[in-house]
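Q: Pasting structure-v3.tsv here (TSV, C-alpha atoms):
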```
chain	number	residue	atom	x	y	z
J	749	MET	CA	55.82	107.71	159.53
J	750	THR	CA	55.23	110.65	157.19
J	751	THR	CA	52.04	112.67	157.50
J	752	PRO	CA	49.53	111.87	154.73
J	753	THR	CA	48.97	114.74	152.36
J	754	ALA	CA	46.11	116.17	150.35
J	755	ILE	CA	46.31	117.75	146.91
J	756	GLU	CA	43.72	120.50	146.64
J	757	VAL	CA	42.65	122.25	143.44
J	758	ASN	CA	40.75	125.47	143.93
J	759	CYS	CA	38.48	125.43	140.88
J	760	THR	CA	37.71	129.14	141.16
J	761	THR	CA	41.25	130.48	141.43
J	762	GLY	CA	43.07	127.59	139.74
J	763	GLU	CA	45.47	127.40	142.65
J	764	VAL	CA	46.86	123.93	143.47
J	765	THR	CA	48.11	123.33	147.00
J	766	GLU	CA	49.53	120.38	148.85
J	767	ARG	CA	48.94	120.20	152.59
J	768	PRO	CA	48.98	117.68	155.43
J	769	LEU	CA	45.65	116.00	156.20
J	770	THR	CA	43.89	117.46	159.22
J	771	ALA	CA	43.30	115.30	162.29
J	772	GLU	CA	39.61	115.19	161.36
J	773	GLU	CA	40.42	113.96	157.85
J	774	ILE	CA	42.73	111.27	159.20
J	775	SER	CA	40.06	110.14	161.64
J	776	GLN	CA	37.42	110.06	158.89
J	777	ARG	CA	39.74	108.02	156.70
J	778	GLU	CA	40.18	105.45	159.46
J	779	THR	CA	36.41	105.32	160.00
J	780	ASP	CA	35.83	104.78	156.28
J	781	ALA	CA	38.48	102.04	156.13
J	782	ALA	CA	36.84	100.25	159.05
J	783	ALA	CA	33.43	100.48	157.36
J	784	TRP	CA	34.91	99.08	154.16
J	785	ALA	CA	36.53	96.16	156.03
J	786	GLU	CA	33.22	95.40	157.75
J	787	GLN	CA	31.41	95.48	154.39
J	788	LYS	CA	33.96	93.12	152.80
J	789	ALA	CA	33.80	90.70	155.73
J	790	ALA	CA	30.00	90.56	155.53
J	791	GLU	CA	30.12	89.95	151.78
J	792	GLU	CA	32.69	87.19	152.13
J	793	ALA	CA	30.66	85.51	154.88
J	794	ALA	CA	27.52	85.65	152.72
J	795	ALA	CA	29.39	84.22	149.72
J	796	GLN	CA	30.83	81.44	151.87
J	797	ALA	CA	27.38	80.58	153.27
J	798	ALA	CA	25.90	80.52	149.77
J	799	ALA	CA	28.69	78.22	148.51
J	800	GLU	CA	28.20	75.86	151.42
J	801	ALA	CA	24.41	75.77	150.90
J	802	LYS	CA	24.93	75.02	147.20
J	803	ALA	CA	27.36	72.19	147.94
J	804	SER	CA	24.96	70.73	150.51
J	805	ALA	CA	22.04	70.87	148.08
J	806	GLN	CA	24.10	69.21	145.34
J	807	ALA	CA	25.14	66.43	147.72
J	808	LYS	CA	21.50	65.77	148.64
J	809	LEU	CA	20.50	65.67	144.97
J	810	ALA	CA	23.31	63.21	144.27
J	811	ALA	CA	22.11	61.05	147.15
J	812	LEU	CA	18.67	60.95	145.48
J	813	GLY	CA	20.31	59.47	142.39
J	814	LEU	CA	20.70	62.50	140.10
J	815	THR	CA	23.75	62.47	137.83
J	816	ALA	CA	26.32	65.29	137.84
J	817	ASP	CA	24.95	66.51	134.49
J	818	GLU	CA	21.39	66.58	135.85
J	819	ILE	CA	22.50	68.52	138.92
J	820	ALA	CA	24.41	70.95	136.73
J	821	ALA	CA	21.31	71.42	134.55
J	822	LEU	CA	19.29	72.35	137.65
J	823	SER	CA	21.92	74.87	138.67
J	824	ASN	CA	21.73	76.79	135.41
P	1100	MET	CA	24.63	120.18	122.48
P	1101	ALA	CA	26.75	119.33	125.51
P	1102	THR	CA	30.11	121.04	125.87
P	1103	TYR	CA	32.96	119.77	128.07
P	1104	ILE	CA	34.94	122.50	129.79
P	1105	GLN	CA	37.86	121.63	132.05
P	1106	ILE	CA	37.55	123.11	135.55
P	1107	GLY	CA	40.80	123.89	137.32
P	1108	SER	CA	43.80	121.89	136.19
P	1109	THR	CA	44.57	118.19	135.84
P	1110	VAL	CA	46.04	116.83	139.04
P	1111	THR	CA	49.12	114.70	138.47
P	1112	VAL	CA	50.36	113.28	141.73
P	1113	GLY	CA	54.02	113.96	142.44
P	1114	SER	CA	56.75	111.70	143.76
P	1115	GLY	CA	55.63	112.09	147.37
P	1116	GLY	CA	52.18	110.61	146.70
P	1117	ALA	CA	48.89	111.93	148.10
P	1118	SER	CA	46.20	110.45	150.32
P	1119	THR	CA	43.43	112.59	148.86
P	1120	ILE	CA	42.72	114.59	145.71
P	1121	ASP	CA	40.26	117.36	146.35
P	1122	PHE	CA	38.59	119.70	143.83
P	1123	THR	CA	37.26	122.63	145.85
P	1124	SER	CA	35.32	125.86	145.18
P	1125	ILE	CA	33.60	124.33	142.16
P	1126	PRO	CA	31.52	127.05	140.51
P	1127	ALA	CA	27.80	126.35	140.04
P	1128	THR	CA	27.88	127.50	136.43
P	1129	TYR	CA	27.62	124.13	134.69
P	1130	THR	CA	24.84	121.55	134.39
P	1131	ASP	CA	26.78	118.36	135.20
P	1132	LEU	CA	30.25	117.37	136.36
P	1133	VAL	CA	32.53	114.68	134.95
P	1134	LEU	CA	35.68	113.49	136.68
P	1135	LYS	CA	38.20	111.40	134.72
P	1136	ILE	CA	40.36	109.36	137.07
P	1137	SER	CA	43.45	107.20	136.59
P	1138	THR	CA	45.12	105.98	139.77
P	1139	ARG	CA	47.47	103.55	141.42
P	1140	GLN	CA	48.05	103.18	145.15
P	1141	SER	CA	51.11	102.50	147.28
P	1142	VAL	CA	49.81	99.41	149.08
P	1143	SER	CA	48.77	95.94	147.94
P	1144	ASN	CA	45.39	94.57	147.00
P	1145	GLY	CA	45.15	92.90	150.42
P	1146	SER	CA	45.76	96.23	152.14
P	1147	ASN	CA	42.89	97.97	150.34
P	1148	GLY	CA	45.10	99.44	147.63
P	1149	TYR	CA	42.43	98.72	145.01
P	1150	TYR	CA	39.77	101.29	145.82
P	1151	PHE	CA	39.11	104.92	146.62
P	1152	ASP	CA	36.17	106.66	148.24
P	1153	VAL	CA	34.25	109.63	146.83
P	1154	THR	CA	32.87	112.37	149.09
P	1155	TYR	CA	31.31	115.76	148.47
P	1156	ASN	CA	31.59	118.99	150.44
P	1157	ASN	CA	33.89	117.43	153.04
P	1158	THR	CA	31.24	115.25	154.60
P	1159	SER	CA	30.66	111.50	154.69
P	1160	ALA	CA	27.08	111.89	155.91
P	1161	ASN	CA	23.94	110.94	153.98
P	1162	ARG	CA	25.69	108.79	151.41
P	1163	SER	CA	24.33	105.54	150.00
P	1164	GLY	CA	24.82	103.51	146.85
P	1165	ARG	CA	24.91	100.19	145.05
P	1166	TYR	CA	27.48	98.60	142.78
P	1167	LEU	CA	27.89	95.79	140.28
P	1168	LEU	CA	31.33	94.18	140.48
P	1169	ASN	CA	33.06	91.80	138.07
P	1170	LEU	CA	36.07	90.02	139.54
P	1171	ASP	CA	37.67	87.53	137.16
P	1172	GLY	CA	34.28	86.69	135.66
P	1173	SER	CA	32.45	86.37	138.95
P	1174	VAL	CA	29.77	89.04	139.19
P	1175	SER	CA	28.29	90.30	142.43
P	1176	SER	CA	26.27	93.26	143.59
P	1177	SER	CA	26.08	94.96	146.93
P	1178	THR	CA	25.32	98.20	148.68
P	1179	TYR	CA	28.01	100.70	149.56
P	1180	THR	CA	28.70	104.37	149.10
P	1181	LEU	CA	30.16	105.58	145.82
P	1182	TRP	CA	33.65	104.20	145.13
P	1183	GLY	CA	36.10	103.57	142.32
P	1184	LEU	CA	39.00	101.30	141.47
P	1185	SER	CA	42.74	101.88	141.79
P	1186	ASP	CA	45.56	99.59	140.75
P	1187	PRO	CA	47.20	98.30	143.94
P	1188	SER	CA	50.97	98.08	144.29
P	1189	ASP	CA	51.08	94.33	143.56
P	1190	PHE	CA	49.52	94.72	140.11
P	1191	THR	CA	51.75	94.87	136.99
P	1192	ALA	CA	54.30	97.68	137.34
P	1193	THR	CA	53.34	101.12	136.02
P	1194	THR	CA	49.74	100.14	135.31
P	1195	PHE	CA	46.92	102.41	136.41
P	1196	SER	CA	43.16	102.05	136.76
P	1197	SER	CA	40.83	104.19	134.70
P	1198	GLY	CA	37.36	105.46	135.39
P	1199	GLU	CA	34.78	108.17	135.00
P	1200	LEU	CA	32.50	109.71	137.59
P	1201	TYR	CA	29.39	111.51	136.30
P	1202	ILE	CA	27.41	113.82	138.58
P	1203	PRO	CA	24.28	115.28	136.94
P	1204	ASN	CA	22.67	118.47	138.25
P	1205	TYR	CA	25.35	118.90	140.90
P	1206	ALA	CA	24.24	122.43	141.80
P	1207	SER	CA	20.51	121.72	142.12
P	1208	ALA	CA	18.50	121.83	145.34
P	1209	ASN	CA	17.63	118.13	144.97
P	1210	PHE	CA	19.43	115.05	146.32
P	1211	LYS	CA	22.46	114.23	144.12
P	1212	SER	CA	22.81	111.00	142.20
P	1213	ALA	CA	26.02	109.91	140.48
P	1214	SER	CA	27.46	107.02	138.52
P	1215	MET	CA	30.98	105.62	138.26
P	1216	ASP	CA	32.51	103.17	135.84
P	1217	SER	CA	35.95	101.96	136.69
P	1218	THR	CA	38.40	99.19	135.79
P	1219	ASN	CA	41.78	97.81	136.83
P	1220	GLU	CA	44.67	97.03	134.55
P	1221	ASN	CA	46.83	93.98	135.35
P	1222	ASN	CA	48.58	91.23	133.41
P	1223	ALA	CA	47.22	88.56	135.74
P	1224	THR	CA	44.04	87.55	137.53
P	1225	GLY	CA	42.43	89.70	140.20
P	1226	ILE	CA	41.16	92.36	137.81
P	1227	ARG	CA	37.95	94.13	138.77
P	1228	GLN	CA	35.45	96.22	136.85
P	1229	ILE	CA	32.66	98.10	138.57
P	1230	LEU	CA	29.57	100.05	137.75
P	1231	ALA	CA	28.72	101.99	140.89
P	1232	THR	CA	25.94	104.39	141.70
P	1233	GLY	CA	25.73	106.79	144.59
P	1234	LEU	CA	23.16	109.02	146.18
P	1235	TRP	CA	24.00	111.95	148.40
P	1236	SER	CA	20.80	112.79	150.26
P	1237	ASP	CA	21.55	116.46	150.65
P	1238	THR	CA	20.05	119.49	148.92
P	1239	ALA	CA	23.20	121.64	149.05
P	1240	ALA	CA	25.01	122.35	145.80
P	1241	ILE	CA	28.15	120.25	145.40
P	1242	THR	CA	31.11	122.61	145.74
P	1243	SER	CA	33.86	120.06	146.30
P	1244	VAL	CA	34.62	116.50	145.23
P	1245	LYS	CA	37.24	114.49	147.09
P	1246	LEU	CA	38.86	111.17	146.23
P	1247	THR	CA	40.39	109.35	149.20
P	1248	ALA	CA	42.74	106.40	148.73
P	1249	GLY	CA	41.36	103.30	150.44
P	1250	GLY	CA	44.82	102.27	151.58
P	1251	GLY	CA	48.20	103.98	151.43
P	1252	THR	CA	48.48	106.88	148.99
P	1253	PHE	CA	47.84	107.65	145.34
P	1254	VAL	CA	51.26	107.20	143.74
P	1255	GLN	CA	53.16	109.40	141.32
P	1256	TYR	CA	51.50	109.91	137.92
P	1257	SER	CA	48.01	109.17	139.20
P	1258	THR	CA	45.76	111.76	137.57
P	1259	ALA	CA	42.33	113.33	137.98
P	1260	SER	CA	40.67	115.88	135.69
P	1261	LEU	CA	37.38	117.64	136.37
P	1262	TYR	CA	35.07	118.85	133.59
P	1263	GLY	CA	31.88	120.88	133.63
P	1264	ILE	CA	29.17	119.97	131.16
P	1265	SER	CA	27.19	122.83	129.73
P	1266	LYS	CA	23.95	121.97	127.99
P	1267	SER	CA	22.55	124.64	125.74
```
Take the structure from the file and write it as structure tokens.
A:
Amino acid sequence: MTTPTAIEVNCTTGEVTERPLTAEEISQRETDAAAWAEQKAAEEAAAQAAAEAKASAQAKLAALGLTADEIAALSN
Amino acid sequence: MATYIQIGSTVTVGSGGASTIDFTSIPATYTDLVLKISTRQSVSNGSNGYYFDVTYNNTSANRSGRYLLNLDGSVSSSTYTLWGLSDPSDFTATTFSSGELYIPNYASANFKSASMDSTNENNATGIRQILATGLWSDTAAITSVKLTAGGGTFVQYSTASLYGISKS
């Protein structure tokens, strides 16, 4: 596997360099990726729970005799 | 009147790709900073090829933020640090995302707020648009801004251009 690289622009001198990422930068990148994955998993779980709660509520309303249009009107 | 002045040069990623794009030694001579970003990454949407992280001064500490995300007409909001969109490798060939990061008062001794608007380009579903805000709870002047690919690398022809805004 090739070493990931960084492009660096020195805004004072105008110099552009390309260098390998440091071990610290690679480690930070892995930490950030893990945090992102955790965030996405939590969001997906919350969205799934909300969808399930909505479906359950709609089923209960239907059992009470509301029509699909009436349930949809309540959802808006 | 506000004047845009390019700082450094536009980065155009070469054939080898790059994991990060880093503007360093930013002079404190402007009022605000604007970064124009157009990127694509080497891995798929499922492998986090659709986003990049933003950090200042080589630290990930003291960052917070919130974003509004549109994904195929479904809108959601959540908390996360400042981020932007890239086109992943499984989006339409040779398409790139586009976005703008605005950092007001980047050299002040106050905490630093910022905003990002960003969108994908793709001839199919799965397109995102975001409005993201970020707060860096640090009083140091921002002297570097780094974009880090969420997955894989920024591919050839991805670009980033930094501008200073002078208000006088």
Q: Determine, counting all atoms listed in the file, which protein, DNA and RNA residues have an atom within 8 Å of an atom of range 1133-1147 of chain P; residues of the same chain fewer than 5 positions away are not included. Present the result as a PyMOL selection string.
A: chain P and resi 1184-1190+1194-1202+1248-1254+1256-1264
Q: Quote the spacing between CA of Thr761 in chain J and CA of Gly1116 in chain P in Å to one decimal place.
A: 23.3 Å
Q: Within 6 Å of chain P, which residues of chain J show up when using all atoms listed in the file, listed as number ranges by chain?
A: J: 752-760, 762
Q: Just how far from CA of Leu1230 in chain P is CA of Asp1216 in chain P, in Å to one decimal?
A: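 It comes out at 4.7 Å.
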Q: Work out how far CA of Tyr1155 in chain P is from CA of Phe1210 in chain P, in Å to one decimal.
A: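 Answer for the CA of Phe1210 in chain P to CA of Tyr1155 in chain P separation: 12.1 Å.
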